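Chemist: Next comes the structure file input_1.cif, holding mmCIF, C-alpha atoms and all ligand atoms.
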```cif
data_coords
#
loop_
_atom_site.group_PDB
_atom_site.id
_atom_site.type_symbol
_atom_site.label_atom_id
_atom_site.label_comp_id
_atom_site.auth_asym_id
_atom_site.auth_seq_id
_atom_site.Cartn_x
_atom_site.Cartn_y
_atom_site.Cartn_z
ATOM 1 C CA MET A 101 -14.517 10.288 -63.705
ATOM 2 C CA SER A 102 -15.935 13.369 -65.436
ATOM 3 C CA PHE A 103 -17.873 12.560 -68.605
ATOM 4 C CA GLU A 104 -18.699 16.077 -69.638
ATOM 5 C CA PRO A 105 -17.234 16.868 -73.061
ATOM 6 C CA ILE A 106 -16.378 20.532 -73.528
ATOM 7 C CA ASN A 107 -14.593 22.541 -76.193
ATOM 8 C CA SER A 108 -10.973 23.594 -76.004
ATOM 9 C CA PRO A 109 -10.578 26.878 -74.115
ATOM 10 C CA PHE A 110 -8.398 28.189 -76.955
ATOM 11 C CA ARG A 111 -8.351 28.766 -80.651
ATOM 12 C CA TYR A 112 -5.415 26.644 -81.695
ATOM 13 C CA ALA A 113 -3.612 26.260 -85.015
ATOM 14 C CA GLY A 114 -3.516 22.572 -85.969
ATOM 15 C CA GLY A 115 -6.111 21.778 -83.292
ATOM 16 C CA LYS A 116 -8.110 18.572 -83.728
ATOM 17 C CA PHE A 117 -11.542 20.042 -82.991
ATOM 18 C CA TYR A 118 -13.092 18.930 -86.306
ATOM 19 C CA ALA A 119 -11.582 15.441 -86.124
ATOM 20 C CA ARG A 120 -12.502 14.822 -82.508
ATOM 21 C CA LYS A 121 -15.373 12.402 -83.141
ATOM 22 C CA LEU A 122 -13.278 10.292 -85.521
ATOM 23 C CA ILE A 123 -10.416 10.237 -83.041
ATOM 24 C CA LEU A 124 -12.607 9.348 -80.060
ATOM 25 C CA GLN A 125 -13.928 6.335 -81.983
ATOM 26 C CA HIS A 126 -10.414 4.883 -82.011
ATOM 27 C CA ILE A 127 -9.544 5.444 -78.354
ATOM 28 C CA PRO A 128 -9.628 2.294 -76.205
ATOM 29 C CA MET A 129 -10.732 2.201 -72.562
ATOM 30 C CA HIS A 130 -7.906 3.366 -70.299
ATOM 31 C CA THR A 131 -7.214 4.541 -66.764
ATOM 32 C CA HIS A 132 -4.071 6.630 -67.478
ATOM 33 C CA TYR A 133 -4.142 9.253 -70.238
ATOM 34 C CA CYS A 134 -1.385 11.477 -71.583
ATOM 35 C CA GLU A 135 -1.025 14.100 -74.327
ATOM 36 C CA PRO A 136 2.664 14.971 -74.813
ATOM 37 C CA PHE A 137 1.765 17.678 -77.421
ATOM 38 C CA VAL A 138 -1.390 19.089 -75.865
ATOM 39 C CA GLY A 139 -1.706 22.424 -77.744
ATOM 40 C CA GLY A 140 -5.373 23.388 -77.443
ATOM 41 C CA GLY A 141 -6.217 19.937 -76.028
ATOM 42 C CA SER A 142 -9.295 19.378 -78.237
ATOM 43 C CA ILE A 143 -9.236 15.638 -77.560
ATOM 44 C CA PHE A 144 -8.687 15.818 -73.802
ATOM 45 C CA PHE A 145 -11.568 18.286 -73.456
ATOM 46 C CA ALA A 146 -13.858 16.242 -75.758
ATOM 47 C CA LYS A 147 -13.359 12.912 -73.967
ATOM 48 C CA PRO A 148 -14.316 11.671 -70.517
ATOM 49 C CA LYS A 149 -11.668 12.443 -67.925
ATOM 50 C CA THR A 150 -10.093 9.304 -66.591
ATOM 51 C CA TYR A 151 -8.312 8.340 -63.343
ATOM 52 C CA LYS A 152 -4.875 9.933 -64.106
ATOM 53 C CA ASN A 153 -4.341 12.578 -66.788
ATOM 54 C CA VAL A 154 -1.143 14.269 -67.952
ATOM 55 C CA LEU A 155 -1.089 17.234 -70.331
ATOM 56 C CA ASN A 156 2.240 18.483 -71.628
ATOM 57 C CA ASP A 157 3.569 20.981 -74.162
ATOM 58 C CA LEU A 158 7.001 22.524 -74.637
ATOM 59 C CA ASP A 159 5.472 25.982 -75.148
ATOM 60 C CA SER A 160 5.955 27.605 -71.735
ATOM 61 C CA GLU A 161 3.565 30.514 -72.435
ATOM 62 C CA LEU A 162 0.791 28.059 -73.300
ATOM 63 C CA MET A 163 1.445 25.863 -70.267
ATOM 64 C CA ASN A 164 1.486 28.904 -67.992
ATOM 65 C CA VAL A 165 -2.100 29.594 -69.131
ATOM 66 C CA TYR A 166 -3.094 25.988 -68.384
ATOM 67 C CA PHE A 167 -1.603 26.318 -64.876
ATOM 68 C CA MET A 168 -3.553 29.543 -64.340
ATOM 69 C CA LEU A 169 -6.783 28.020 -65.692
ATOM 70 C CA ARG A 170 -6.419 25.105 -63.289
ATOM 71 C CA ASP A 171 -5.223 26.961 -60.187
ATOM 72 C CA ASN A 172 -6.379 30.576 -60.413
ATOM 73 C CA PRO A 173 -9.368 30.887 -62.778
ATOM 74 C CA GLU A 174 -10.866 33.798 -60.847
ATOM 75 C CA GLY A 175 -7.579 35.737 -61.080
ATOM 76 C CA LEU A 176 -7.624 35.261 -64.840
ATOM 77 C CA ILE A 177 -11.261 36.353 -65.043
ATOM 78 C CA ASP A 178 -10.449 39.492 -63.006
ATOM 79 C CA PHE A 179 -7.543 40.339 -65.315
ATOM 80 C CA LEU A 180 -9.808 40.087 -68.378
ATOM 81 C CA ASP A 181 -12.778 41.806 -66.755
ATOM 82 C CA GLY A 182 -14.022 44.694 -68.895
ATOM 83 C CA LEU A 183 -11.484 44.237 -71.725
ATOM 84 C CA PRO A 184 -13.313 44.607 -75.042
ATOM 85 C CA ALA A 185 -12.183 42.753 -78.177
ATOM 86 C CA SER A 186 -10.491 45.678 -79.875
ATOM 87 C CA LYS A 187 -7.796 46.114 -82.511
ATOM 88 C CA ASP A 188 -6.050 48.809 -80.452
ATOM 89 C CA LEU A 189 -5.882 46.597 -77.369
ATOM 90 C CA HIS A 190 -4.677 43.715 -79.515
ATOM 91 C CA ARG A 191 -1.785 45.928 -80.647
ATOM 92 C CA PHE A 192 -1.137 47.049 -77.066
ATOM 93 C CA TYR A 193 -1.075 43.545 -75.536
ATOM 94 C CA LYS A 194 0.944 42.171 -78.423
ATOM 95 C CA ASN A 195 3.594 44.914 -78.648
ATOM 96 C CA GLU A 196 3.701 47.057 -75.515
ATOM 97 C CA PHE A 197 2.347 45.293 -72.464
ATOM 98 C CA ARG A 198 5.101 43.889 -70.211
ATOM 99 C CA PRO A 199 3.640 41.315 -67.793
ATOM 100 C CA SER A 200 5.100 41.485 -64.304
ATOM 101 C CA ASN A 201 3.926 38.063 -63.088
ATOM 102 C CA ASN A 202 2.538 34.732 -64.337
ATOM 103 C CA LEU A 203 -1.070 35.848 -63.980
ATOM 104 C CA GLU A 204 -0.451 38.834 -66.263
ATOM 105 C CA ARG A 205 1.469 36.603 -68.695
ATOM 106 C CA ALA A 206 -1.515 34.247 -68.816
ATOM 107 C CA GLY A 207 -4.029 37.099 -69.130
ATOM 108 C CA ARG A 208 -2.145 38.604 -72.059
ATOM 109 C CA TRP A 209 -1.866 35.217 -73.828
ATOM 110 C CA TYR A 210 -5.526 34.321 -73.299
ATOM 111 C CA TYR A 211 -6.707 37.747 -74.475
ATOM 112 C CA LEU A 212 -4.580 37.640 -77.639
ATOM 113 C CA ASN A 213 -5.494 34.020 -78.344
ATOM 114 C CA ARG A 214 -9.233 34.701 -78.253
ATOM 115 C CA ILE A 215 -9.032 37.618 -80.677
ATOM 116 C CA SER A 216 -6.227 36.593 -83.054
ATOM 117 C CA TYR A 217 -6.622 35.056 -86.479
ATOM 118 C CA SER A 218 -6.818 31.239 -86.115
ATOM 119 C CA GLY A 219 -5.394 31.586 -82.600
ATOM 120 C CA ILE A 220 -1.859 31.770 -84.028
ATOM 121 C CA MET A 221 0.346 32.709 -81.087
ATOM 122 C CA ASN A 222 3.727 32.860 -82.770
ATOM 123 C CA MET A 223 4.080 36.642 -82.342
ATOM 124 C CA GLN A 224 5.450 37.159 -85.869
ATOM 125 C CA ASN A 225 2.163 35.838 -87.251
ATOM 126 C CA CYS A 226 -0.259 36.860 -84.519
ATOM 127 C CA TYR A 227 -2.787 39.138 -86.235
ATOM 128 C CA TRP A 228 -6.081 40.601 -85.174
ATOM 129 C CA GLY A 229 -8.849 38.149 -86.154
ATOM 130 C CA TYR A 230 -12.021 38.671 -84.185
ATOM 131 C CA GLY A 231 -15.598 38.883 -85.475
ATOM 132 C CA ASP A 232 -18.655 39.243 -83.253
ATOM 133 C CA LYS A 233 -20.509 36.650 -85.342
ATOM 134 C CA PHE A 234 -17.848 33.942 -85.348
ATOM 135 C CA SER A 235 -15.669 34.401 -82.285
ATOM 136 C CA MET A 236 -16.426 33.823 -78.617
ATOM 137 C CA ARG A 237 -17.464 37.174 -77.179
ATOM 138 C CA PRO A 238 -15.655 38.581 -74.131
ATOM 139 C CA GLU A 239 -18.772 38.265 -71.960
ATOM 140 C CA ASN A 240 -18.571 34.483 -72.471
ATOM 141 C CA TRP A 241 -14.901 34.187 -71.514
ATOM 142 C CA PRO A 242 -15.570 33.763 -67.749
ATOM 143 C CA ASN A 243 -17.793 30.706 -68.378
ATOM 144 C CA ASN A 244 -15.214 29.257 -70.732
ATOM 145 C CA ILE A 245 -12.530 29.725 -68.071
ATOM 146 C CA ARG A 246 -14.602 28.261 -65.224
ATOM 147 C CA ARG A 247 -15.694 25.115 -67.065
ATOM 148 C CA THR A 248 -12.133 24.551 -68.302
ATOM 149 C CA SER A 249 -10.831 24.971 -64.763
ATOM 150 C CA GLN A 250 -13.264 22.370 -63.508
ATOM 151 C CA LYS A 251 -12.101 19.823 -66.062
ATOM 152 C CA LEU A 252 -8.439 20.547 -65.271
ATOM 153 C CA GLN A 253 -8.776 19.819 -61.552
ATOM 154 C CA GLY A 254 -6.467 16.945 -60.598
ATOM 155 C CA VAL A 255 -4.760 16.968 -64.008
ATOM 156 C CA LYS A 256 -0.960 16.874 -64.042
ATOM 157 C CA LEU A 257 0.485 19.653 -66.215
ATOM 158 C CA SER A 258 4.049 19.831 -67.453
ATOM 159 C CA CYS A 259 6.265 21.759 -69.825
ATOM 160 C CA LYS A 260 8.901 19.326 -71.071
ATOM 161 C CA ASP A 261 10.189 17.844 -74.259
ATOM 162 C CA PHE A 262 7.958 14.960 -75.422
ATOM 163 C CA GLU A 263 10.712 12.363 -75.119
ATOM 164 C CA THR A 264 11.073 12.786 -71.336
ATOM 165 C CA VAL A 265 7.303 12.655 -70.920
ATOM 166 C CA ILE A 266 6.789 9.483 -72.973
ATOM 167 C CA ASP A 267 9.704 7.666 -71.350
ATOM 168 C CA ASN A 268 8.308 8.408 -67.875
ATOM 169 C CA VAL A 269 4.549 7.793 -68.019
ATOM 170 C CA PRO A 270 3.405 4.693 -66.089
ATOM 171 C CA ASP A 271 3.053 1.330 -67.849
ATOM 172 C CA GLY A 272 -0.315 0.875 -69.544
ATOM 173 C CA THR A 273 -0.831 4.612 -70.215
ATOM 174 C CA PHE A 274 -2.803 5.534 -73.332
ATOM 175 C CA LEU A 275 -1.282 8.444 -75.270
ATOM 176 C CA PHE A 276 -2.944 10.675 -77.820
ATOM 177 C CA ILE A 277 -0.020 12.064 -79.799
ATOM 178 C CA ASP A 278 -0.459 15.020 -82.155
ATOM 179 C CA PRO A 279 2.961 16.392 -83.116
ATOM 180 C CA PRO A 280 3.579 19.220 -85.607
ATOM 181 C CA TYR A 281 3.254 17.969 -89.223
ATOM 182 C CA PHE A 282 6.171 16.327 -90.995
ATOM 183 C CA ASN A 283 5.748 18.078 -94.353
ATOM 184 C CA ALA A 284 4.516 21.549 -93.507
ATOM 185 C CA ASP A 285 6.005 24.771 -92.329
ATOM 186 C CA GLN A 286 4.645 24.578 -88.790
ATOM 187 C CA ASP A 287 7.152 27.035 -87.383
ATOM 188 C CA LYS A 288 4.922 29.918 -88.415
ATOM 189 C CA PHE A 289 2.223 28.651 -86.007
ATOM 190 C CA TYR A 290 4.139 27.412 -82.977
ATOM 191 C CA THR A 291 6.793 28.975 -80.808
ATOM 192 C CA CYS A 292 8.874 25.763 -80.564
ATOM 193 C CA ALA A 293 10.592 24.624 -83.734
ATOM 194 C CA PHE A 294 10.191 20.938 -84.643
ATOM 195 C CA THR A 295 12.891 19.475 -86.894
ATOM 196 C CA LYS A 296 13.207 16.268 -88.954
ATOM 197 C CA ASN A 297 15.430 14.985 -86.171
ATOM 198 C CA ASP A 298 12.576 15.549 -83.667
ATOM 199 C CA HIS A 299 10.273 13.416 -85.841
ATOM 200 C CA ILE A 300 12.881 10.663 -85.778
ATOM 201 C CA ARG A 301 13.285 11.024 -81.983
ATOM 202 C CA LEU A 302 9.521 10.624 -81.646
ATOM 203 C CA ASN A 303 9.604 7.457 -83.727
ATOM 204 C CA ASN A 304 12.449 6.073 -81.596
ATOM 205 C CA VAL A 305 10.840 6.842 -78.233
ATOM 206 C CA LEU A 306 7.558 5.266 -79.323
ATOM 207 C CA ARG A 307 9.342 2.204 -80.629
ATOM 208 C CA ARG A 308 11.294 1.638 -77.439
ATOM 209 C CA ASN A 309 8.127 2.048 -75.304
ATOM 210 C CA ASN A 310 5.948 0.025 -77.679
ATOM 211 C CA GLY A 311 5.472 -2.939 -75.361
ATOM 212 C CA ARG A 312 4.375 -0.944 -72.328
ATOM 213 C CA LEU A 313 2.166 1.891 -73.720
ATOM 214 C CA SER A 314 -0.634 2.228 -76.235
ATOM 215 C CA PHE A 315 -0.831 5.217 -78.524
ATOM 216 C CA LEU A 316 -2.854 6.829 -81.268
ATOM 217 C CA LEU A 317 -0.606 9.094 -83.322
ATOM 218 C CA THR A 318 -1.977 11.552 -85.903
ATOM 219 C CA TYR A 319 0.238 12.758 -88.755
ATOM 220 C CA ASP A 320 0.109 14.212 -92.239
ATOM 221 C CA ASN A 321 -0.364 11.493 -94.817
ATOM 222 C CA SER A 322 3.066 11.136 -96.405
ATOM 223 C CA PRO A 323 5.261 8.259 -97.640
ATOM 224 C CA GLU A 324 7.996 9.247 -95.162
ATOM 225 C CA ILE A 325 5.651 8.822 -92.181
ATOM 226 C CA ARG A 326 4.223 5.552 -93.529
ATOM 227 C CA GLY A 327 7.797 4.290 -93.849
ATOM 228 C CA LEU A 328 8.836 5.454 -90.376
ATOM 229 C CA TYR A 329 5.839 3.708 -88.789
ATOM 230 C CA ASP A 330 5.785 0.495 -90.831
ATOM 231 C CA TRP A 331 6.152 -1.337 -87.492
ATOM 232 C CA ALA A 332 2.846 0.026 -86.083
ATOM 233 C CA THR A 333 -0.152 -2.297 -85.645
ATOM 234 C CA GLU A 334 -2.654 -0.254 -87.700
ATOM 235 C CA THR A 335 -2.466 2.744 -90.035
ATOM 236 C CA HIS A 336 -5.694 4.354 -91.220
ATOM 237 C CA ASP A 337 -6.211 7.059 -93.866
ATOM 238 C CA LYS A 338 -8.776 9.476 -92.470
ATOM 239 C CA GLU A 339 -10.684 12.410 -93.923
ATOM 240 C CA TRP A 340 -12.973 14.998 -92.369
ATOM 241 C CA ASN A 341 -14.501 18.328 -93.264
ATOM 242 C CA TYR A 342 -13.761 21.568 -91.517
ATOM 243 C CA CYS A 343 -14.195 25.246 -92.098
ATOM 244 C CA ILE A 344 -12.272 28.347 -91.119
ATOM 245 C CA SER A 345 -14.151 31.531 -90.336
ATOM 246 C CA ARG A 346 -12.371 34.401 -91.950
ATOM 247 C CA THR A 347 -13.141 36.827 -89.210
ATOM 248 C CA ASP A 348 -12.161 40.342 -90.124
ATOM 249 C CA ASP A 349 -8.633 39.093 -90.664
ATOM 250 C CA GLN A 350 -5.656 40.812 -92.176
ATOM 251 C CA LYS A 351 -6.283 39.422 -95.648
ATOM 252 C CA THR A 352 -9.914 40.156 -96.392
ATOM 253 C CA LYS A 353 -10.745 43.072 -94.082
ATOM 254 C CA THR A 354 -14.364 41.887 -94.083
ATOM 255 C CA ASP A 355 -16.526 39.387 -92.239
ATOM 256 C CA ARG A 356 -17.124 36.322 -94.389
ATOM 257 C CA LYS A 357 -18.744 32.993 -93.747
ATOM 258 C CA GLY A 358 -16.394 30.061 -93.107
ATOM 259 C CA GLU A 359 -14.493 28.463 -95.969
ATOM 260 C CA ARG A 360 -14.669 24.675 -96.313
ATOM 261 C CA TYR A 361 -11.613 22.433 -96.314
ATOM 262 C CA LYS A 362 -10.828 18.731 -96.059
ATOM 263 C CA GLY A 363 -8.585 17.369 -93.318
ATOM 264 C CA ARG A 364 -6.568 14.327 -94.429
ATOM 265 C CA GLU A 365 -4.334 12.556 -91.960
ATOM 266 C CA LEU A 366 -2.969 9.213 -90.889
ATOM 267 C CA PHE A 367 -4.075 7.645 -87.626
ATOM 268 C CA ILE A 368 -1.283 5.331 -86.488
ATOM 269 C CA LEU A 369 -2.073 2.870 -83.680
ATOM 270 C CA ASN A 370 0.052 0.331 -81.830
ATOM 271 C CA TYR A 371 -3.028 -1.717 -80.859
ATOM 272 C CA GLU A 372 -5.903 -3.385 -82.685
ATOM 273 C CA SER A 373 -8.788 -0.957 -82.687
ATOM 274 C CA GLU A 374 -11.317 -3.597 -83.806
ATOM 275 C CA ALA A 375 -10.556 -5.830 -80.850
ATOM 276 C CA THR A 376 -10.666 -3.075 -78.247
ATOM 277 C CA LEU A 377 -13.545 -1.954 -76.105
ATOM 278 C CA LEU A 378 -13.924 1.545 -77.512
ATOM 279 C CA LEU A 379 -14.469 4.701 -75.517
ATOM 280 C CA MET A 380 -17.258 5.853 -77.795
ATOM 281 C CA PRO A 381 -19.885 3.638 -79.495
HETATM 282 C C1 LIG B 401 -0.366 20.019 -83.685
HETATM 283 S S1 LIG B 401 -0.130 20.890 -82.180
HETATM 284 C C2 LIG B 401 -1.164 20.009 -81.060
HETATM 285 C C3 LIG B 401 -2.625 20.375 -81.277
HETATM 286 C C4 LIG B 401 -3.598 19.742 -80.275
HETATM 287 N N1 LIG B 401 -3.749 18.320 -80.459
HETATM 288 C C5 LIG B 401 -4.978 20.394 -80.354
HETATM 289 O O1 LIG B 401 -5.986 19.723 -80.571
HETATM 290 O O2 LIG B 401 -5.036 21.622 -80.198
HETATM 291 C C6 LIG B 401 1.506 20.437 -81.736
HETATM 292 C C7 LIG B 401 2.026 20.988 -80.405
HETATM 293 O O3 LIG B 401 3.334 20.447 -80.159
HETATM 294 C C8 LIG B 401 4.047 21.377 -79.350
HETATM 295 N N2 LIG B 401 5.498 21.027 -79.382
HETATM 296 C C9 LIG B 401 6.432 21.356 -80.331
HETATM 297 N N3 LIG B 401 7.618 20.807 -80.022
HETATM 298 C C10 LIG B 401 7.451 20.085 -78.887
HETATM 299 C C11 LIG B 401 8.298 19.253 -78.091
HETATM 300 N N4 LIG B 401 9.596 19.059 -78.433
HETATM 301 N N5 LIG B 401 7.800 18.634 -76.986
HETATM 302 C C12 LIG B 401 6.485 18.840 -76.627
HETATM 303 N N6 LIG B 401 5.635 19.641 -77.342
HETATM 304 C C13 LIG B 401 6.092 20.233 -78.461
HETATM 305 C C14 LIG B 401 3.681 22.719 -79.953
HETATM 306 O O4 LIG B 401 3.901 23.767 -79.019
HETATM 307 C C15 LIG B 401 2.198 22.500 -80.310
HETATM 308 O O5 LIG B 401 1.361 22.983 -79.282
#
```
Reformat the file's structure so that it appears as structure tokens.

Modeler:
Amino acid sequence: MSFEPINSPFRYAGGKFYARKLILQHIPMHTHYCEPFVGGGSIFFAKPKTYKNVLNDLDSELMNVYFMLRDNPEGLIDFLDGLPASKDLHRFYKNEFRPSNNLERAGRWYYLNRISYSGIMNMQNCYWGYGDKFSMRPENWPNNIRRTSQKLQGVKLSCKDFETVIDNVPDGTFLFIDPPYFNADQDKFYTCAFTKNDHIRLNNVLRRNNGRLSFLLTYDNSPEIRGLYDWATETHDKEWNYCISRTDDQKTKTDRKGERYKGRELFILNYESEATLLLMP
């Protein structure tokens, strides 16, 4: 088992970086771990790696980068070698560059992700958003890639719809589940649309696997979600602070210190957190 917590390799819209300590406090001991909506994977990277780990997301561009980080980190580092964080190159890689293989696809995605506002990778909303003071500098990208690659060794990666993944993980698996919000326009962030019907499918798949898996599900705090999950064992209202660095983005045109916000979500569990041996003290 690897106990080293690291940060997500990406900037990721809707990522759980600021809630990671709160989330880790609710995770029980487990040997099999799965994230069906991995995104930037803030929780996987923050927690100890366990015996079997599965990371999945329907976004094929994102998963291609995970494959490259795991299997060809040095290729990715070579692709990025010498590229400065520049507005002109951002425009070039976003609009003109045509990757001819998976390594170039991954290099383009990683480069844009590191220098775009809030890491938003839906190309319609992918704007320049890099600031020397607040963003990871290009000279630190190789270390970020190598330590991520180390943590991803032996991890199973897949690019499927969540329902197939949840139905097929082994009995006893613990799942951290972080779907797009129910009541927010998430389509501007992600490349895969998530409809009301998808939220209902998620509820159904979790209900039919309830006896054989444990899960911690995070959602926006809304009456609809409370109603959908009235069968869960525990529902907690949680709050945390976070800030967004407005790094030379398209709105302000200047470097400003981070703005403070409050995260408010539901943690929905199908196990008793009090009675469980927790992963973190
Ligand atoms: C809220 S984000 C996950 C953020 C992640 N927990 C983190 O810390 O960065 C939700 C993710 O669900 C993915 N997604 C959307 N529809 C999906 C589907 N049908 N099956 C699997 N993943 C999906 C999106 O691509 C997005 O990465």

Chemist: Find the residues near ligand LIG 401 (chain B). Use a cut-off of 9 Å, count only C-alpha atoms and all ligand atoms, and write them as a PDB file with C-alpha atoms, in the frame of the given file.

Modeler:
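Result file result.pdb:
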```pdb
ATOM      1  CA  SER A 108     -10.973  23.594 -76.004  1.00  0.00           C
ATOM      2  CA  PHE A 110      -8.398  28.189 -76.955  1.00  0.00           C
ATOM      3  CA  ARG A 111      -8.351  28.766 -80.651  1.00  0.00           C
ATOM      4  CA  TYR A 112      -5.415  26.644 -81.695  1.00  0.00           C
ATOM      5  CA  ALA A 113      -3.612  26.260 -85.015  1.00  0.00           C
ATOM      6  CA  GLY A 114      -3.516  22.572 -85.969  1.00  0.00           C
ATOM      7  CA  GLY A 115      -6.111  21.778 -83.292  1.00  0.00           C
ATOM      8  CA  LYS A 116      -8.110  18.572 -83.728  1.00  0.00           C
ATOM      9  CA  PHE A 117     -11.542  20.042 -82.991  1.00  0.00           C
ATOM     10  CA  ALA A 119     -11.582  15.441 -86.124  1.00  0.00           C
ATOM     11  CA  ARG A 120     -12.502  14.822 -82.508  1.00  0.00           C
ATOM     12  CA  GLU A 135      -1.025  14.100 -74.327  1.00  0.00           C
ATOM     13  CA  PRO A 136       2.664  14.971 -74.813  1.00  0.00           C
ATOM     14  CA  PHE A 137       1.765  17.678 -77.421  1.00  0.00           C
ATOM     15  CA  VAL A 138      -1.390  19.089 -75.865  1.00  0.00           C
ATOM     16  CA  GLY A 139      -1.706  22.424 -77.744  1.00  0.00           C
ATOM     17  CA  GLY A 140      -5.373  23.388 -77.443  1.00  0.00           C
ATOM     18  CA  GLY A 141      -6.217  19.937 -76.028  1.00  0.00           C
ATOM     19  CA  SER A 142      -9.295  19.378 -78.237  1.00  0.00           C
ATOM     20  CA  ILE A 143      -9.236  15.638 -77.560  1.00  0.00           C
ATOM     21  CA  PHE A 144      -8.687  15.818 -73.802  1.00  0.00           C
ATOM     22  CA  ASN A 156       2.240  18.483 -71.628  1.00  0.00           C
ATOM     23  CA  ASP A 157       3.569  20.981 -74.162  1.00  0.00           C
ATOM     24  CA  LEU A 158       7.001  22.524 -74.637  1.00  0.00           C
ATOM     25  CA  ASP A 159       5.472  25.982 -75.148  1.00  0.00           C
ATOM     26  CA  SER A 160       5.955  27.605 -71.735  1.00  0.00           C
ATOM     27  CA  LEU A 162       0.791  28.059 -73.300  1.00  0.00           C
ATOM     28  CA  CYS A 259       6.265  21.759 -69.825  1.00  0.00           C
ATOM     29  CA  LYS A 260       8.901  19.326 -71.071  1.00  0.00           C
ATOM     30  CA  ASP A 261      10.189  17.844 -74.259  1.00  0.00           C
ATOM     31  CA  PHE A 262       7.958  14.960 -75.422  1.00  0.00           C
ATOM     32  CA  GLU A 263      10.712  12.363 -75.119  1.00  0.00           C
ATOM     33  CA  THR A 264      11.073  12.786 -71.336  1.00  0.00           C
ATOM     34  CA  VAL A 265       7.303  12.655 -70.920  1.00  0.00           C
ATOM     35  CA  PHE A 276      -2.944  10.675 -77.820  1.00  0.00           C
ATOM     36  CA  ILE A 277      -0.020  12.064 -79.799  1.00  0.00           C
ATOM     37  CA  ASP A 278      -0.459  15.020 -82.155  1.00  0.00           C
ATOM     38  CA  PRO A 279       2.961  16.392 -83.116  1.00  0.00           C
ATOM     39  CA  PRO A 280       3.579  19.220 -85.607  1.00  0.00           C
ATOM     40  CA  TYR A 281       3.254  17.969 -89.223  1.00  0.00           C
ATOM     41  CA  GLN A 286       4.645  24.578 -88.790  1.00  0.00           C
ATOM     42  CA  PHE A 289       2.223  28.651 -86.007  1.00  0.00           C
ATOM     43  CA  TYR A 290       4.139  27.412 -82.977  1.00  0.00           C
ATOM     44  CA  THR A 291       6.793  28.975 -80.808  1.00  0.00           C
ATOM     45  CA  CYS A 292       8.874  25.763 -80.564  1.00  0.00           C
ATOM     46  CA  ALA A 293      10.592  24.624 -83.734  1.00  0.00           C
ATOM     47  CA  PHE A 294      10.191  20.938 -84.643  1.00  0.00           C
ATOM     48  CA  THR A 295      12.891  19.475 -86.894  1.00  0.00           C
ATOM     49  CA  ASP A 298      12.576  15.549 -83.667  1.00  0.00           C
ATOM     50  CA  THR A 318      -1.977  11.552 -85.903  1.00  0.00           C
ATOM     51  CA  TYR A 319       0.238  12.758 -88.755  1.00  0.00           C
TER      52      TYR A 319
END
```

Chemist: I would like the residues chosen by the PyMOL selection byres (((chain A and resi 337) around 7) and not hetatm) on the shown file; could you give them as a short mmCIF file (atom, residue, chain, number, x, y, z; two decimals) with C-alpha atoms, in the coordinates of the input?

Modeler:
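Everything below was put into part03.cif:
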```cif
data_model
loop_
_atom_site.label_atom_id
_atom_site.label_comp_id
_atom_site.auth_asym_id
_atom_site.auth_seq_id
_atom_site.Cartn_x
_atom_site.Cartn_y
_atom_site.Cartn_z
CA THR A 335 -2.47 2.74 -90.04
CA HIS A 336 -5.69 4.35 -91.22
CA LYS A 338 -8.78 9.48 -92.47
CA GLU A 339 -10.68 12.41 -93.92
CA GLU A 365 -4.33 12.56 -91.96
CA LEU A 366 -2.97 9.21 -90.89
CA PHE A 367 -4.08 7.64 -87.63
#
```

Chemist: Evaluate the PyMOL selection byres (((chain A and resi 245-257) around 7) and not hetatm) and record the selected residues as a PyMOL selection string, following the chain and residue labels used in the document.

Modeler: chain A and resi 109+153-156+169-170+173+241-244+258

Chemist: What does the file look like for those residues with C-alpha atoms, as a PDB file, in the coordinates of the input?

Modeler:
```
ATOM      1  CA  PRO A 109     -10.578  26.878 -74.115  1.00  0.00           C
ATOM      2  CA  ASN A 153      -4.341  12.578 -66.788  1.00  0.00           C
ATOM      3  CA  VAL A 154      -1.143  14.269 -67.952  1.00  0.00           C
ATOM      4  CA  LEU A 155      -1.089  17.234 -70.331  1.00  0.00           C
ATOM      5  CA  ASN A 156       2.240  18.483 -71.628  1.00  0.00           C
ATOM      6  CA  LEU A 169      -6.783  28.020 -65.692  1.00  0.00           C
ATOM      7  CA  ARG A 170      -6.419  25.105 -63.289  1.00  0.00           C
ATOM      8  CA  PRO A 173      -9.368  30.887 -62.778  1.00  0.00           C
ATOM      9  CA  TRP A 241     -14.901  34.187 -71.514  1.00  0.00           C
ATOM     10  CA  PRO A 242     -15.570  33.763 -67.749  1.00  0.00           C
ATOM     11  CA  ASN A 243     -17.793  30.706 -68.378  1.00  0.00           C
ATOM     12  CA  ASN A 244     -15.214  29.257 -70.732  1.00  0.00           C
ATOM     13  CA  SER A 258       4.049  19.831 -67.453  1.00  0.00           C
TER      14      SER A 258
END
```

Chemist: Pick the closest to His130 (chain A) from A:Asn341, A:Ser314, A:Asn107, A:Ser322: which is it, counting all atoms listed in the file?

Modeler: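 Answer, going by the shortest atom-to-atom distance: A:Ser314.
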
Chemist: If we count only C-alpha atoms, what is near Asn309 (chain A) at a cut-off of 8 Å, once residues fewer than 3 positions away on the same chain are taken out, given as a ChimeraX atom specification?

Modeler: /A:266-267,305-306,312-313

Chemist: Taking into account only C-alpha atoms, which residue in the set A:Asn310, A:Asn283, A:Asn213, A:Ser186 is nearest to Asp232 (chain A)?

Modeler: A:Ser186

Chemist: For Gly363 (chain A), which residue out of A:Phe274, A:Tyr230, A:Trp340, A:Phe145 is the nearest one, using all atoms listed in the file?

Modeler: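 Smallest separation from Gly363 (chain A) among the options: A:Trp340.
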
Chemist: Can you spell out as a list in words the set of residues that the PyMOL selection byres (((chain A and resi 228) around 10) and not hetatm) selects in the structure I just provided?

Modeler: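 Applied to this file, the PyMOL selection byres (((chain A and resi 228) around 10) and not hetatm) selects Ala185, Ser186, Lys187, Asp188, Leu189, His190, Arg191, Lys194, Leu212, Asn213, Arg214, Ile215, Ser216, Tyr217, Ser218, Gly219, Ile220, Asn225, Cys226, Tyr227, Gly229, Tyr230, Gly231, Thr347, Asp348, Asp349 and Gln350 of chain A.
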